[in-house]
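S.K.: Input structure: my_file-v8.pdb, which contains PDB, C-alpha atoms.
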ATOM      1  CA  MET A   1      86.490 119.523 122.851
ATOM      2  CA  ARG A   2      88.902 116.759 121.769
ATOM      3  CA  MET A   3      88.000 114.682 118.724
ATOM      4  CA  GLU A   4      88.415 110.933 119.004
ATOM      5  CA  ALA A   5      88.593 108.540 116.040
ATOM      6  CA  PHE A   6      85.967 105.789 116.150
ATOM      7  CA  ALA A   7      88.643 103.099 116.597
ATOM      8  CA  GLU A   8      90.040 104.906 119.637
ATOM      9  CA  PHE A   9      86.526 105.439 121.016
ATOM     10  CA  GLN A  10      85.840 101.712 120.659
ATOM     11  CA  ARG A  11      89.191 100.731 122.196
ATOM     12  CA  ARG A  12      88.680 103.047 125.172
ATOM     13  CA  ARG A  13      85.092 102.027 125.860
ATOM     14  CA  ASN A  14      85.826  98.312 125.608
ATOM     15  CA  SER A  15      88.841  98.643 127.888
ATOM     16  CA  GLU A  16      86.568 100.316 130.452
ATOM     17  CA  PHE A  17      83.921  97.616 129.927
ATOM     18  CA  TYR A  18      86.304  94.708 130.487
ATOM     19  CA  SER A  19      87.871  96.369 133.519
ATOM     20  CA  SER A  20      84.491  96.955 135.149
ATOM     21  CA  LYS A  21      83.176  93.457 134.445
ATOM     22  CA  GLY A  22      86.222  91.526 135.619
ATOM     23  CA  GLY A  23      85.652  87.759 135.403
ATOM     24  CA  ARG A  24      81.959  88.213 134.561
ATOM     25  CA  ILE A  25      82.450  89.770 131.133
ATOM     26  CA  TYR A  26      81.478  86.734 129.096
ATOM     27  CA  SER A  27      78.081  86.351 130.747
ATOM     28  CA  SER A  28      77.123  89.591 128.979
ATOM     29  CA  PHE A  29      77.573  88.287 125.451
ATOM     30  CA  ARG A  30      74.932  86.885 123.110
ATOM     31  CA  THR A  31      76.838  84.377 120.949
ATOM     32  CA  PHE A  32      76.732  80.871 119.510
ATOM     33  CA  ALA A  33      79.458  79.798 121.945
ATOM     34  CA  GLN A  34      77.082  77.643 124.004
ATOM     35  CA  SER A  35      75.417  76.003 120.992
ATOM     36  CA  VAL A  36      76.181  72.281 120.983
ATOM     37  CA  LYS A  37      75.331  71.995 117.276
ATOM     38  CA  PHE A  38      77.696  74.842 116.397
ATOM     39  CA  ALA A  39      80.561  73.168 118.269
ATOM     40  CA  GLU A  40      79.655  69.766 116.833
ATOM     41  CA  ALA A  41      79.795  71.136 113.277
ATOM     42  CA  ASN A  42      83.291  72.500 113.954
ATOM     43  CA  ALA A  43      84.405  69.185 115.438
ATOM     44  CA  VAL A  44      83.046  67.076 112.573
ATOM     45  CA  GLU A  45      84.753  69.311 110.020
ATOM     46  CA  PHE A  46      88.066  69.267 111.896
ATOM     47  CA  ALA A  47      87.991  65.476 112.242
ATOM     48  CA  SER A  48      87.417  65.082 108.495
ATOM     49  CA  ARG A  49      90.242  67.465 107.489
ATOM     50  CA  ALA A  50      92.898  66.860 110.141
ATOM     51  CA  ALA A  51      96.245  65.365 109.130
ATOM     52  CA  ARG A  52      96.219  61.584 109.507
ATOM     53  CA  ASN A  53      99.460  61.462 111.505
ATOM     54  CA  GLY A  54     101.231  63.471 114.181
ATOM     55  CA  LYS A  55     100.187  65.867 116.906
ATOM     56  CA  LEU A  56      97.459  68.421 116.218
ATOM     57  CA  ARG A  57      97.090  71.901 117.670
ATOM     58  CA  ILE A  58      93.898  73.981 117.706
ATOM     59  CA  TYR A  59      94.004  77.608 118.854
ATOM     60  CA  GLU A  60      90.838  79.325 120.036
ATOM     61  CA  ILE A  61      91.430  83.091 120.168
ATOM     62  CA  GLY A  62      89.033  84.700 122.651
ATOM     63  CA  VAL A  63      87.792  81.757 124.708
ATOM     64  CA  GLY A  64      84.673  83.263 126.281
ATOM     65  CA  ASP A  65      83.587  81.160 129.230
ATOM     66  CA  GLY A  66      85.007  77.941 127.745
ATOM     67  CA  SER A  67      81.653  76.503 126.615
ATOM     68  CA  PHE A  68      82.655  76.223 122.971
ATOM     69  CA  ALA A  69      85.969  74.543 123.824
ATOM     70  CA  LEU A  70      84.262  71.961 126.041
ATOM     71  CA  ASN A  71      81.478  71.201 123.552
ATOM     72  CA  PHE A  72      83.996  71.002 120.702
ATOM     73  CA  LEU A  73      86.296  68.545 122.467
ATOM     74  CA  LYS A  74      83.394  66.337 123.545
ATOM     75  CA  ALA A  75      82.082  66.287 119.986
ATOM     76  CA  LEU A  76      85.563  65.620 118.557
ATOM     77  CA  SER A  77      85.942  62.556 120.784
ATOM     78  CA  LYS A  78      82.684  61.207 119.364
ATOM     79  CA  ALA A  79      83.511  62.128 115.777
ATOM     80  CA  ASP A  80      87.002  60.574 115.736
ATOM     81  CA  GLU A  81      88.560  59.327 118.940
ATOM     82  CA  LYS A  82      92.014  58.893 117.384
ATOM     83  CA  VAL A  83      92.074  62.489 116.119
ATOM     84  CA  ALA A  84      90.906  63.680 119.534
ATOM     85  CA  GLU A  85      93.739  61.805 121.259
ATOM     86  CA  ARG A  86      96.308  63.605 119.078
ATOM     87  CA  THR A  87      94.789  67.053 119.627
ATOM     88  CA  THR A  88      95.949  69.753 122.025
ATOM     89  CA  TYR A  89      93.521  72.657 122.457
ATOM     90  CA  ILE A  90      95.061  76.068 123.178
ATOM     91  CA  LEU A  91      92.938  78.550 125.139
ATOM     92  CA  TRP A  92      94.049  82.054 124.125
ATOM     93  CA  ASP A  93      92.689  85.252 125.657
ATOM     94  CA  PHE A  94      93.950  88.626 126.845
ATOM     95  CA  SER A  95      92.305  87.969 130.230
ATOM     96  CA  GLU A  96      94.115  85.646 132.619
ATOM     97  CA  LYS A  97      90.900  85.217 134.612
ATOM     98  CA  GLY A  98      89.072  84.311 131.421
ATOM     99  CA  VAL A  99      91.649  81.680 130.468
ATOM    100  CA  GLU A 100      91.645  80.156 133.955
ATOM    101  CA  ARG A 101      87.851  80.076 134.045
ATOM    102  CA  ALA A 102      87.712  78.297 130.681
ATOM    103  CA  ALA A 103      90.514  75.899 131.667
ATOM    104  CA  LYS A 104      88.492  74.585 134.616
ATOM    105  CA  LYS A 105      85.987  73.136 132.145
ATOM    106  CA  LEU A 106      88.620  71.189 130.194
ATOM    107  CA  ARG A 107      89.866  68.833 132.882
ATOM    108  CA  GLY A 108      90.503  65.460 131.295
ATOM    109  CA  PHE A 109      91.421  66.991 127.915
ATOM    110  CA  SER A 110      94.833  67.996 126.591
ATOM    111  CA  PHE A 111      95.081  71.778 126.598
ATOM    112  CA  GLU A 112      97.455  74.711 126.991
ATOM    113  CA  LYS A 113      96.904  78.324 128.061
ATOM    114  CA  VAL A 114      98.113  81.557 126.482
ATOM    115  CA  VAL A 115      97.399  84.963 128.007
ATOM    116  CA  ALA A 116      97.985  87.531 125.272
ATOM    117  CA  PRO A 117      96.112  89.925 122.967
ATOM    118  CA  ALA A 118      94.845  88.491 119.684
ATOM    119  CA  TRP A 119      97.472  90.337 117.636
ATOM    120  CA  ASN A 120     100.439  88.857 119.519
ATOM    121  CA  TRP A 121     100.594  86.046 116.942
ATOM    122  CA  LYS A 122     104.300  85.320 117.462
ATOM    123  CA  LYS A 123     103.323  83.252 120.506
ATOM    124  CA  MET A 124     101.571  80.799 118.169
ATOM    125  CA  ARG A 125     103.259  77.739 116.652
ATOM    126  CA  GLY A 126     102.266  74.936 114.314
ATOM    127  CA  ALA A 127      98.540  75.740 114.243
ATOM    128  CA  ASN A 128      96.468  73.106 112.460
ATOM    129  CA  CYS A 129      93.408  75.263 113.006
ATOM    130  CA  VAL A 130      92.803  78.740 114.433
ATOM    131  CA  LYS A 131      89.264  79.588 115.542
ATOM    132  CA  CYS A 132      87.746  82.870 116.640
ATOM    133  CA  ASN A 133      84.066  83.335 117.409
ATOM    134  CA  GLU A 134      82.777  86.916 117.545
ATOM    135  CA  LEU A 135      86.194  88.346 118.280
ATOM    136  CA  LEU A 136      86.922  90.669 115.352
ATOM    137  CA  ASP A 137      83.779  92.765 115.932
ATOM    138  CA  ASP A 138      85.218  93.688 119.321
ATOM    139  CA  LEU A 139      88.651  94.831 118.122
ATOM    140  CA  PRO A 140      89.210  98.566 117.463
ATOM    141  CA  THR A 141      87.798  99.200 113.994
ATOM    142  CA  ARG A 142      88.554 102.118 111.719
ATOM    143  CA  MET A 143      85.326 103.762 110.496
ATOM    144  CA  LEU A 144      85.442 105.544 107.140
ATOM    145  CA  VAL A 145      82.945 107.224 104.823
ATOM    146  CA  ARG A 146      83.423 108.242 101.178
ATOM    147  CA  ARG A 147      82.453 111.788 100.169
ATOM    148  CA  GLY A 148      82.880 112.105  96.416
ATOM    149  CA  MET A 149      86.491 111.152  95.659
ATOM    150  CA  ARG A 150      87.602 111.901  99.219
ATOM    151  CA  ALA A 151      87.599 109.667 102.274
ATOM    152  CA  ASN A 152      86.538 110.913 105.691
ATOM    153  CA  GLU A 153      87.323 109.308 109.021
ATOM    154  CA  VAL A 154      84.423 109.024 111.461
ATOM    155  CA  VAL A 155      85.363 110.743 114.719
ATOM    156  CA  ARG A 156      83.547 111.453 117.959
ATOM    157  CA  GLU A 157      83.342 114.951 119.359
ATOM    158  CA  GLY A 158      81.386 115.108 122.602
ATOM    159  CA  LYS A 159      78.360 112.888 121.960
ATOM    160  CA  GLU A 160      78.289 113.557 118.225
ATOM    161  CA  PHE A 161      79.933 111.688 115.348
ATOM    162  CA  LEU A 162      81.210 113.500 112.260
ATOM    163  CA  GLY A 163      83.491 112.904 109.310
ATOM    164  CA  VAL A 164      86.949 114.458 109.036
ATOM    165  CA  GLU A 165      88.923 114.280 105.796
ATOM    166  CA  THR A 166      91.804 111.810 105.939
ATOM    167  CA  GLN A 167      94.516 110.349 103.709
ATOM    168  CA  LEU A 168      94.330 106.618 102.950
ATOM    169  CA  GLU A 169      97.021 104.263 101.695
ATOM    170  CA  GLY A 170      97.384 100.764 100.294
ATOM    171  CA  GLU A 171      94.524  98.269 100.384
ATOM    172  CA  THR A 172      92.329 100.573 102.469
ATOM    173  CA  ALA A 173      92.478 103.324  99.837
ATOM    174  CA  LEU A 174      91.712 100.903  96.990
ATOM    175  CA  PHE A 175      88.853  99.320  98.899
ATOM    176  CA  MET A 176      87.140 102.614  99.711
ATOM    177  CA  GLU A 177      87.046 103.610  96.020
ATOM    178  CA  GLY A 178      84.328 101.000  95.463
ATOM    179  CA  MET A 179      82.189 101.847  98.476
ATOM    180  CA  PRO A 180      78.827 103.626  98.134
ATOM    181  CA  GLU A 181      78.987 107.310  98.982
ATOM    182  CA  GLY A 182      77.836 108.431 102.434
ATOM    183  CA  TYR A 183      77.824 104.953 104.005
ATOM    184  CA  TRP A 184      79.890 104.319 107.113
ATOM    185  CA  VAL A 185      82.364 101.558 106.300
ATOM    186  CA  PRO A 186      84.067  99.638 109.134
ATOM    187  CA  VAL A 187      87.612  98.730 108.079
ATOM    188  CA  PRO A 188      89.101  96.085 110.437
ATOM    189  CA  GLU A 189      92.775  96.973 110.025
ATOM    190  CA  ILE A 190      93.734  95.424 113.384
ATOM    191  CA  GLY A 191      91.595  92.383 112.573
ATOM    192  CA  LEU A 192      93.486  92.058 109.288
ATOM    193  CA  GLU A 193      96.790  92.297 111.163
ATOM    194  CA  CYS A 194      95.660  89.404 113.367
ATOM    195  CA  VAL A 195      94.576  87.198 110.462
ATOM    196  CA  LEU A 196      97.804  87.830 108.526
ATOM    197  CA  GLY A 197      99.827  86.956 111.629
ATOM    198  CA  TRP A 198      97.874  83.777 112.410
ATOM    199  CA  ARG A 199      98.231  82.647 108.794
ATOM    200  CA  LYS A 200     102.023  82.814 109.116
ATOM    201  CA  LYS A 201     101.820  80.321 111.966
ATOM    202  CA  LEU A 202      99.645  77.723 110.246
ATOM    203  CA  ALA A 203     101.040  74.216 109.874
ATOM    204  CA  PRO A 204     100.909  72.691 106.352
ATOM    205  CA  GLY A 205      97.252  72.057 105.539
ATOM    206  CA  GLY A 206      96.086  74.277 108.406
ATOM    207  CA  TRP A 207      93.318  76.857 108.220
ATOM    208  CA  ILE A 208      91.616  79.711 110.080
ATOM    209  CA  ASP A 209      87.883  79.760 110.916
ATOM    210  CA  ILE A 210      86.380  83.188 111.606
ATOM    211  CA  PHE A 211      82.778  83.356 112.808
ATOM    212  CA  ASP A 212      81.174  86.757 113.312
ATOM    213  CA  TYR A 213      78.351  89.053 112.297
ATOM    214  CA  GLY A 214      78.978  91.416 109.422
ATOM    215  CA  PHE A 215      78.606  91.822 105.666
ATOM    216  CA  ALA A 216      80.175  90.123 102.658
ATOM    217  CA  ASP A 217      79.926  92.779  99.937
ATOM    218  CA  ALA A 218      78.831  96.306  99.077
ATOM    219  CA  GLU A 219      75.476  95.035  97.820
ATOM    220  CA  GLY A 220      74.590  94.181 101.401
ATOM    221  CA  MET A 221      75.135  97.838 102.240
ATOM    222  CA  ARG A 222      73.020  99.215  99.403
ATOM    223  CA  MET A 223      70.035  97.140 100.530
ATOM    224  CA  LEU A 224      69.532  99.646 103.361
ATOM    225  CA  PRO A 225      69.110 103.449 103.252
ATOM    226  CA  ARG A 226      72.237 105.297 104.367
ATOM    227  CA  ASN A 227      70.764 106.569 107.618
ATOM    228  CA  VAL A 228      69.571 103.072 108.598
ATOM    229  CA  TRP A 229      72.909 101.491 107.691
ATOM    230  CA  ASN A 230      74.953 104.130 109.511
ATOM    231  CA  ALA A 231      72.842 103.763 112.658
ATOM    232  CA  SER A 232      73.107  99.967 112.730
ATOM    233  CA  ILE A 233      76.674  99.228 111.597
ATOM    234  CA  TRP A 234      77.891  99.573 115.177
ATOM    235  CA  ARG A 235      76.153  99.057 118.505
ATOM    236  CA  GLU A 236      76.622  99.626 122.191
ATOM    237  CA  PHE A 237      75.597  97.093 124.827
ATOM    238  CA  SER A 238      76.369  97.561 128.508
ATOM    239  CA  LYS A 239      78.958 100.162 127.424
ATOM    240  CA  GLN A 240      80.711  97.624 125.166
ATOM    241  CA  VAL A 241      81.086  98.870 121.576
ATOM    242  CA  THR A 242      81.159  96.468 118.616
ATOM    243  CA  ALA A 243      81.210  97.018 114.861
ATOM    244  CA  ASP A 244      80.045  94.697 112.085
ATOM    245  CA  VAL A 245      82.924  92.811 110.494
ATOM    246  CA  ASN A 246      83.764  93.870 106.954
ATOM    247  CA  PHE A 247      84.378  90.419 105.469
ATOM    248  CA  SER A 248      84.628  91.990 102.009
ATOM    249  CA  PHE A 249      87.732  93.920 103.072
ATOM    250  CA  LEU A 250      89.307  90.875 104.728
ATOM    251  CA  LYS A 251      88.690  88.697 101.673
ATOM    252  CA  LYS A 252      90.197  91.323  99.365
ATOM    253  CA  CYS A 253      93.348  91.385 101.508
ATOM    254  CA  VAL A 254      93.842  87.713 102.433
ATOM    255  CA  GLY A 255      91.698  85.688 100.034
ATOM    256  CA  GLY A 256      89.705  82.808 101.461
ATOM    257  CA  ARG A 257      85.975  82.256 101.196
ATOM    258  CA  VAL A 258      82.945  83.687 102.980
ATOM    259  CA  GLU A 259      79.565  82.032 103.498
ATOM    260  CA  PRO A 260      76.579  82.262 105.852
ATOM    261  CA  GLN A 261      77.465  80.602 109.144
ATOM    262  CA  LYS A 262      74.268  78.543 108.954
ATOM    263  CA  ASP A 263      75.380  77.058 105.618
ATOM    264  CA  TYR A 264      78.629  75.953 107.255
ATOM    265  CA  VAL A 265      76.823  74.250 110.155
ATOM    266  CA  GLU A 266      74.242  72.599 107.872
ATOM    267  CA  ARG A 267      76.933  71.269 105.535
ATOM    268  CA  ALA A 268      79.031  69.846 108.372
ATOM    269  CA  LEU A 269      76.066  68.168 110.088
ATOM    270  CA  GLY A 270      74.269  67.180 106.889
ATOM    271  CA  LYS A 271      70.857  68.537 107.868
ATOM    272  CA  ASP A 272      68.608  71.565 107.431
ATOM    273  CA  LEU A 273      68.662  73.908 110.429
ATOM    274  CA  TRP A 274      67.071  77.164 111.552
ATOM    275  CA  GLU A 275      68.824  79.891 113.520
ATOM    276  CA  VAL A 276      66.988  80.843 116.720
ATOM    277  CA  ASP A 277      67.470  83.113 119.707
ATOM    278  CA  VAL A 278      65.881  81.649 122.816
ATOM    279  CA  GLY A 279      66.330  83.364 126.162
ATOM    280  CA  GLY A 280      69.206  85.411 124.781
ATOM    281  CA  LYS A 281      71.091  82.277 123.650
ATOM    282  CA  LEU A 282      71.736  81.668 119.960
ATOM    283  CA  ASP A 283      71.338  78.146 118.611
ATOM    284  CA  TYR A 284      70.323  76.025 115.630
ATOM    285  CA  TYR A 285      67.128  73.968 115.687
ATOM    286  CA  SER A 286      66.131  71.132 113.389
ATOM    287  CA  HIS A 287      62.614  71.135 111.892
ATOM    288  CA  GLU A 288      61.502  68.761 114.638
ATOM    289  CA  GLU A 289      62.946  71.031 117.335
ATOM    290  CA  VAL A 290      61.238  74.089 115.855
ATOM    291  CA  LYS A 291      57.874  72.321 115.933
ATOM    292  CA  LYS A 292      58.503  70.946 119.426
ATOM    293  CA  ASN A 293      59.407  74.408 120.777
ATOM    294  CA  GLU A 294      56.795  76.308 118.785
ATOM    295  CA  LYS A 295      55.150  78.002 121.774
ATOM    296  CA  LYS A 296      58.485  78.994 123.279
ATOM    297  CA  LEU A 297      59.613  80.487 119.973
ATOM    298  CA  GLU A 298      56.368  82.409 119.556
ATOM    299  CA  LYS A 299      56.897  83.933 123.002
ATOM    300  CA  GLU A 300      60.291  85.095 121.739
ATOM    301  CA  GLY A 301      58.514  86.893 118.885
ATOM    302  CA  TYR A 302      58.978  84.376 116.076
ATOM    303  CA  ASP A 303      56.427  83.746 113.357
ATOM    304  CA  ILE A 304      56.897  80.005 112.850
ATOM    305  CA  GLY A 305      55.747  80.135 109.224
ATOM    306  CA  ILE A 306      58.255  82.868 108.357
ATOM    307  CA  LEU A 307      61.006  81.097 110.313
ATOM    308  CA  LEU A 308      60.509  77.758 108.534
ATOM    309  CA  SER A 309      60.211  79.444 105.141
ATOM    310  CA  GLY A 310      63.703  80.879 105.552
ATOM    311  CA  GLY A 311      62.404  84.439 105.774
ATOM    312  CA  GLU A 312      64.466  85.240 108.890
ATOM    313  CA  ARG A 313      67.647  87.023 107.763
ATOM    314  CA  SER A 314      70.943  86.448 109.559
ATOM    315  CA  ASP A 315      74.144  88.487 109.493
ATOM    316  CA  TYR A 316      76.310  85.726 110.994
ATOM    317  CA  LEU A 317      79.022  84.690 108.557
ATOM    318  CA  HIS A 318      81.891  82.218 108.357
ATOM    319  CA  MET A 319      85.220  82.950 106.706
ATOM    320  CA  GLU A 320      87.900  80.360 106.050
ATOM    321  CA  VAL A 321      91.508  81.341 105.359
ATOM    322  CA  SER A 322      94.062  78.675 104.509
TER     323      SER A 322
END
Show this structure as structure tokens.
M.R.:
Amino acid sequence: MRMEAFAEFQRRRNSEFYSSKGGRIYSSFRTFAQSVKFAEANAVEFASRAARNGKLRIYEIGVGDGSFALNFLKALSKADEKVAERTTYILWDFSEKGVERAAKKLRGFSFEKVVAPAWNWKKMRGANCVKCNELLDDLPTRMLVRRGMRANEVVREGKEFLGVETQLEGETALFMEGMPEGYWVPVPEIGLECVLGWRKKLAPGGWIDIFDYGFADAEGMRMLPRNVWNASIWREFSKQVTADVNFSFLKKCVGGRVEPQKDYVERALGKDLWEVDVGGKLDYYSHEEVKKNEKKLEKEGYDIGILLSGGERSDYLHMEVS
């Protein structure tokens, strides 16, 4: 039976998933894309940092159903109308149907469309800001595990996963030396290729915002037993395969800073917020909204006391590269 590296398994399964879903793929995802507060935080930050003169270009890589783009542009108009008037929003996705669907929501705003994979960065130009929301977890990810001084690649044979000894080079080899033994480590080599390419196309003063679920350091790994970590580092939903983003690896390779996504939103909006999942939609609630929706949240399984105390852990992170 043929062995298949995890990255190839993920690429194949996701290609099958997108082909079967057609234009309905983005209705399957559980993301912050529809959160008005999340988009507003991005808009407020962009308005405060944007160059004071000249045209501005924002690239969103992986546009989903266009909800984030619409909410962002509405919020930007409220935050700084002059900045909004100078801004062109570029909808970028590998799916032509996805781009066209998102574009229908942006009538009245200045936008462009690019149909291309995320790693085709040469199509980008003069980016004042590049944004991607839960994109990197979907890209083919190399899965490695350290056994003593040797590195094994996680491969799939039939329905089983096993480790096969492999040779590593460069940053990947150096990074794996510091990883705890026996833990599956997702290494986003294609994600890194994307980020390095986008960075080349940044305008002076421009930056990249990456929002995704993942981990920031090896200590986050050691908090869980190996078997629990290895069973939860990747997941399958409706035949789509995603892997947690290794922000530690990305930061080692490109620099930048990593923080909890909630901290980013709270700082931009200047208020305390709580992350909630209501009806399969992720959002941020203020204290007043938590109390107002207490019964609804309890039906979703929340303990309001634990939620308000900050006891609910989140794996959603924000990384900025400039």
S.K.: Pick the closest to Lys291 in chain A from A:Gly191, A:Gly182, A:Gly64, A:Gly305: which is it, counting all atoms listed in the file?
M.R.: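 Of the candidates, the smallest distance to Lys291 in chain A is held by A:Gly305.
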S.K.: Starting from the point (90.5, 88.0, 103.3), work out which residues of protein, DNA or RNA have an atom no more than 12 Å away when counting all atoms listed in the file; state them as a ChimeraX atom specification.
M.R.: /A:171,188-189,191-196,199,208-210,216,245-258,318-322
S.K.: I need the residue nearest Asp277 in chain A from this list: A:Asp263, A:Asp93, A:Glu298, A:Glu8. Use only C-alpha atoms for the distance.
M.R.: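 Closest residue, counting only C-alpha atoms: A:Glu298.
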S.K.: CA of Trp234 in chain A and CA of Thr166 in chain A, how far apart in Å?
M.R.: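 Interatomic distance, CA of Thr166 in chain A to CA of Trp234 in chain A: 20.7 Å.
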S.K.: Name the closest residue to Pro180 in chain A among the candidates A:Pro225, A:Gly280, A:Pro204, A:Pro117; distances are taken between atoms, counting only C-alpha atoms.
M.R.: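 Using only C-alpha atoms, Pro180 in chain A sits closest to A:Pro225.
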S.K.: With only C-alpha atoms as the basis for distance, which of A:Gly270, A:Gly98, A:Pro260, A:Gly279 is at the shortest distance from Arg313 in chain A?
M.R.: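 The shortest atom-to-atom distance to Arg313 in chain A comes from A:Pro260.
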S.K.: Could you list as a list in words every residue that has an atom within 9 Å of (79.1, 78.4, 118.4), using the file's coordinates and counting all atoms listed in the file?
M.R.: Thr31, Phe32, Ala33, Gln34, Ser35, Val36, Lys37, Phe38, Ala39, Glu40, Ala41, Asn42, Ser67, Phe68, Asn133, Phe211, Leu282 and Asp283 of chain A
S.K.: Quick one: of A:Met124, A:Val241, A:Val154, A:Leu174, who's nearest to Gly197 in chain A, counting all atoms listed in the file?
M.R.: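 Under the stated criterion, the closest residue is A:Met124.
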